[in-house]
Each structure stands twice: as structure tokens, then as C-alpha cells.
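Data block below; observations after.
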Amino acid sequence: MEDQSPQDEAAIPEAASPSRRLQWKSIGIGVGVTVVVLAVGVVFLVRAGQGTEIQQVSIHVEEIINQVETARPREAETAVFLPAQVGQTLLPGDGVKTASNSEARVDIVIQKFLRIARTTPNTVWRLGQFALERDTIIELDQGKIFLLDNGLGAGFPPVRIVTPAGTASPRGTWMSVAYDPQTGVAEVQCFRGTCELANDVGTQVLTDEQSSVATAQTAPSEPVYLSQEEIDAFTGLPEAKRGEIAVPAPAITPPTRTPTPTPTPTPTPEPSPTPTPTPEPSPTPTLAPTATPTPTSIPTPEPTPTPIFEIPEIPEIPEIPKIPEIPDIPSSCRPDLNRLPPLNRLANGLLLIAPLALIAVVRRVRR
């Protein structure tokens, strides 16, 4: 075997150096690709984790008072409402209906944040779409809904309550939305925070303790402040009274409202005849007191004695001469006195008294 010369040995490393460089270069490229792949994988994992949180949205029935029903859309055109159950999950398209003297509480849970929709009596609404990256839609057909927020972050899309007269949306607030299908009027009461009422005719922004109304043909009205009774309706909600959700303080202090007393209707008086003016009596002059005369005693006249009529003395009647006895008359010629009529007897008596009366009259005349 021939010995290599020193020149040949020096030439060998020079020939091998290009291959080593290529090898190191390949290793560097592989490491770089690996790092990039790992970084992309980490990014995808993080985003995948966030995507899992996005799906953490649920809506369920939390409380039922008296008669509450829900309906799930089926092939039938008319929704069939069945008694609701506490803990029941609601899906897009489900409806909620409360009877008179009935209420329902529906919790909208987005991750760790909570929105409460309290349904008042005689209310019907349906749940539209809901997800973290999209607005939660509640379609209100009739009645009233209170929407309470326990501090949902500003980056989350709001709940929108859609009525035939307009759409209401809060921004981290307490509000109520009511719709009357008979009058077609929608009313939004913004208790705390900022609210918006909009329709095809216009838009109105509300703040603390303000309200606005609208119809499908009219723009939302200018905001007016809530009455004390309307404010008490918010602070008297069960969640607020139990302290489950603290009542937020207003960002702007509303003006102090003095309750206006309800005017009592004054009955319309019936027209009365015009009174005739009564003339005032002329003042009577005051007379000086007249001296009262002292009564003079008048002697009572003595009664004149009435003369007593003296009966004249009747003179003695002279004796009547005796009548001679009548001779006996034969019975055949003498009348029977007993047979005389009564008139003859009376005449005989008068003949006897007549002289006496005549004498008395004569004496009377002489006096």
C-alpha cells in the first residue's frame, strides 16, 4: 500500500467541507420548520380553546310562578304550548307564555355572566338566535319583559328584544320592554345604563330612568323620566329584593321628582236660577222710650137694682049670688049634661074665668 503524501492528506478535509456545510444547513432548516409548526399548533390550540368558550351559552327556565307554558316548533303550523318545567333548556324557536297572575324567570348564561329575563303575566315571546358572537334575539309578541344584567362585559353582543313596533337593545343595563298588540305601542323603560329603541322611522337613545314609546308608523318619542311607581317596579323585583343582583347606581343622578297628586274631578254644578236680589231693609229709627202711663183705677159702678114687679092685690071677688035652683025639669025635657060634647064643657069653664080676668085687666090699666 502506497504511503500518502502530506499534500494528499491536506486535500481530503478541503473536499469534505462542502458536504458538512450542506448537512448543517439541512439541520437548521428542519429546526426552523419544527419551531414554526409548533408555534402554529399552539396558536390553533389557543383559538380552539377560545372557540370552546364561545359555545358556552345556555338559556334555561329558572323559576315558574303559577301557570307557565313553553312551545317547541314542530311541523304543525300552530305552536302547541305545554306546561314548562324548572331547569328546562330553551332552544332557538322555543316560545314562552305566561297566564294571568303568572311569571317566569329565564336565565341567559354566557360563560360566567348572567342575564335574567323576567316574564310578567299575560306575556308571549319566542327565542331567536343566540350565541356569544351574535346578538341574542327575543321576539316579544305581547306583554312585558324585564331584562336584568349582573355586569356583562362591554365586548359581548347585547340581547335584542324585537317587537312589531321596534327593536330595543340594552348595553349592560336594566330595562323593560312592553308591547300591546291592540294599540300597537311598544314602550322601553331604561332603568340603568344606556338603552336604544329603533324602528324604520327613527332611533332614540335612553339613559338612566328614562322611557320612550313608538309604533310601527311613528318614530320613538323623546325620552321622559320614569315615575316613582315605575322605579319601584324595578327595585321591587325578586332578584333585587333578595340581593341576588345588586341594583346598580345611576351614572347620572336623575332629577328629584315630586309626586304629583292626582286631581280630583270636580263635579259640574247644575245650572240654578238666578236669584232675585233681596232689597235690604231700611234702618228703623230708634225711638225714645215712651213713658208708660200709670193705670188709673176706675171704680166699678154698682149695678142698678132692678125693680121688682109687684103683683097687684086681687080684690076680693064679691060673692056671686046664689042661683036659684033650677026646678026639676022633666027628664023628657032636660038635656043630659053627660051627653053634651066636650066643647060645651070647655065653653062653660071659660065663661066662669072670663069675669075674673076682665077685672084684673081693668085694675092694671088704672094704675
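Going through the C-alpha cells in order, the chains are called A, B, and so on, while each chain numbers its residues from 1 and the ligands are numbered from 1 in the order shown.
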Please build the interface table for region 78-105 of chain A against region 238-253 of chain A with a cut-off of 12 Å, listing for each qualifying residue the nearest atom pair and the distance in Å to one decimal; count only C-alpha atoms, order rows by chain and increasing number, and write it as JSON lines.
```
{"residue": "A:Glu103", "atom": "CA", "partner": "A:Pro238", "partner_atom": "CA", "distance": 11.2}
{"residue": "A:Ala104", "atom": "CA", "partner": "A:Pro238", "partner_atom": "CA", "distance": 11.5}
{"residue": "A:Arg105", "atom": "CA", "partner": "A:Glu239", "partner_atom": "CA", "distance": 10.0}
```
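Going from CA of Val177 (chain A) to CA of Glu209 (chain A) covers 13.5 Å.
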- For CA of Leu140 (chain A) and CA of Phe113 (chain A), the interatomic separation in Å (one decimal): 23.0 Å
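Residue neighbourhood of region 212-219 of chain A, excluding near-sequence residues (fewer than 6 positions): Pro164, Ala165, Gly166, Thr183, Gly184, Val185, Ala186, Glu187, Val188, Gln189, Cys190, Leu197, Ala198, Asn199, Asp200, Val201, Gly202, Thr203, Gln204, Val205 and Leu206 of chain A, at 9 Å, using only C-alpha atoms.
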Expected file: the selected residues, N, CA and C atoms, as a short mmCIF file (atom, residue, chain, number, x, y, z; two decimals), in the first residue's frame:
```cif
data_model
loop_
_atom_site.label_atom_id
_atom_site.label_comp_id
_atom_site.auth_asym_id
_atom_site.auth_seq_id
_atom_site.Cartn_x
_atom_site.Cartn_y
_atom_site.Cartn_z
N PRO A 164 -93.16 44.21 16.99
CA PRO A 164 -93.64 44.73 15.70
C PRO A 164 -93.49 46.24 15.56
N ALA A 165 -93.31 46.97 16.67
CA ALA A 165 -93.19 48.43 16.60
C ALA A 165 -91.76 48.92 16.65
N GLY A 166 -90.80 48.07 16.96
CA GLY A 166 -89.41 48.49 17.04
C GLY A 166 -88.58 47.49 17.81
N THR A 183 -103.07 48.16 20.71
CA THR A 183 -102.75 49.54 20.35
C THR A 183 -101.55 49.65 19.42
N GLY A 184 -100.74 48.58 19.35
CA GLY A 184 -99.55 48.62 18.51
C GLY A 184 -98.43 49.48 19.07
N VAL A 185 -98.44 49.73 20.39
CA VAL A 185 -97.46 50.61 21.03
C VAL A 185 -96.42 49.77 21.76
N ALA A 186 -95.16 50.08 21.52
CA ALA A 186 -94.05 49.47 22.26
C ALA A 186 -93.44 50.52 23.17
N GLU A 187 -93.11 50.11 24.41
CA GLU A 187 -92.51 51.03 25.38
C GLU A 187 -91.25 50.42 25.95
N VAL A 188 -90.20 51.23 26.02
CA VAL A 188 -88.93 50.82 26.60
C VAL A 188 -88.67 51.70 27.81
N GLN A 189 -88.41 51.05 28.95
CA GLN A 189 -88.04 51.76 30.18
C GLN A 189 -86.60 51.40 30.51
N CYS A 190 -85.73 52.39 30.48
CA CYS A 190 -84.30 52.18 30.73
C CYS A 190 -84.02 52.59 32.17
N LEU A 197 -83.96 52.38 21.39
CA LEU A 197 -85.22 51.96 20.76
C LEU A 197 -85.19 52.47 19.33
N ALA A 198 -85.30 51.55 18.38
CA ALA A 198 -85.18 51.92 16.97
C ALA A 198 -86.22 51.17 16.15
N ASN A 199 -86.68 51.85 15.08
CA ASN A 199 -87.53 51.21 14.08
C ASN A 199 -87.22 51.84 12.73
N ASP A 200 -88.03 51.56 11.73
CA ASP A 200 -87.76 52.07 10.39
C ASP A 200 -87.94 53.58 10.29
N VAL A 201 -88.57 54.19 11.29
CA VAL A 201 -88.84 55.64 11.23
C VAL A 201 -87.78 56.45 11.96
N GLY A 202 -87.17 55.89 13.00
CA GLY A 202 -86.18 56.65 13.75
C GLY A 202 -85.55 55.83 14.86
N THR A 203 -84.63 56.48 15.60
CA THR A 203 -83.89 55.84 16.69
C THR A 203 -83.82 56.81 17.86
N GLN A 204 -83.93 56.26 19.07
CA GLN A 204 -83.86 57.07 20.28
C GLN A 204 -82.97 56.37 21.29
N VAL A 205 -82.02 57.11 21.88
CA VAL A 205 -81.12 56.58 22.90
C VAL A 205 -81.60 57.07 24.26
N LEU A 206 -81.68 56.15 25.21
CA LEU A 206 -82.16 56.45 26.56
C LEU A 206 -81.04 56.23 27.56
#
```
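Compared by their closest atoms to Pro220 (chain A), and using only C-alpha atoms, the residues A:Ala168, A:Met175, A:Leu91, A:Val365 rank with A:Ala168 nearest.
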- Task: Pick out the residues sitting within 7 Å of Ile116 (chain A), and hand them over as a VMD selection string; count only C-alpha atoms, and ignore anything fewer than 6 positions along from it in its own chain.
- Result: chain A and resid 105 to 108 147 to 149
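Minimum distance to Ala117 (chain A) across A:Ile138, A:Ser227, A:Arg366, A:Val86 (counting only C-alpha atoms) occurs at A:Ile138.
With only C-alpha atoms as the atoms that count, the residue of A:Gly236, A:Pro121, A:Gly28, A:Gly87 with the shortest distance to Lys144 (chain A) is A:Pro121.
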- Distance CA of Ser58 (chain A)-CA of Ser102 (chain A), one decimal place? 23.5 Å
- Assign secondary structure with DSSP using the backbone only, and return the residues of region 172-272 of chain A in strand (DSSP E) as an NGL selection string. :A and (172-180 or 185-198 or 203-206 or 210-214 or 224-225)
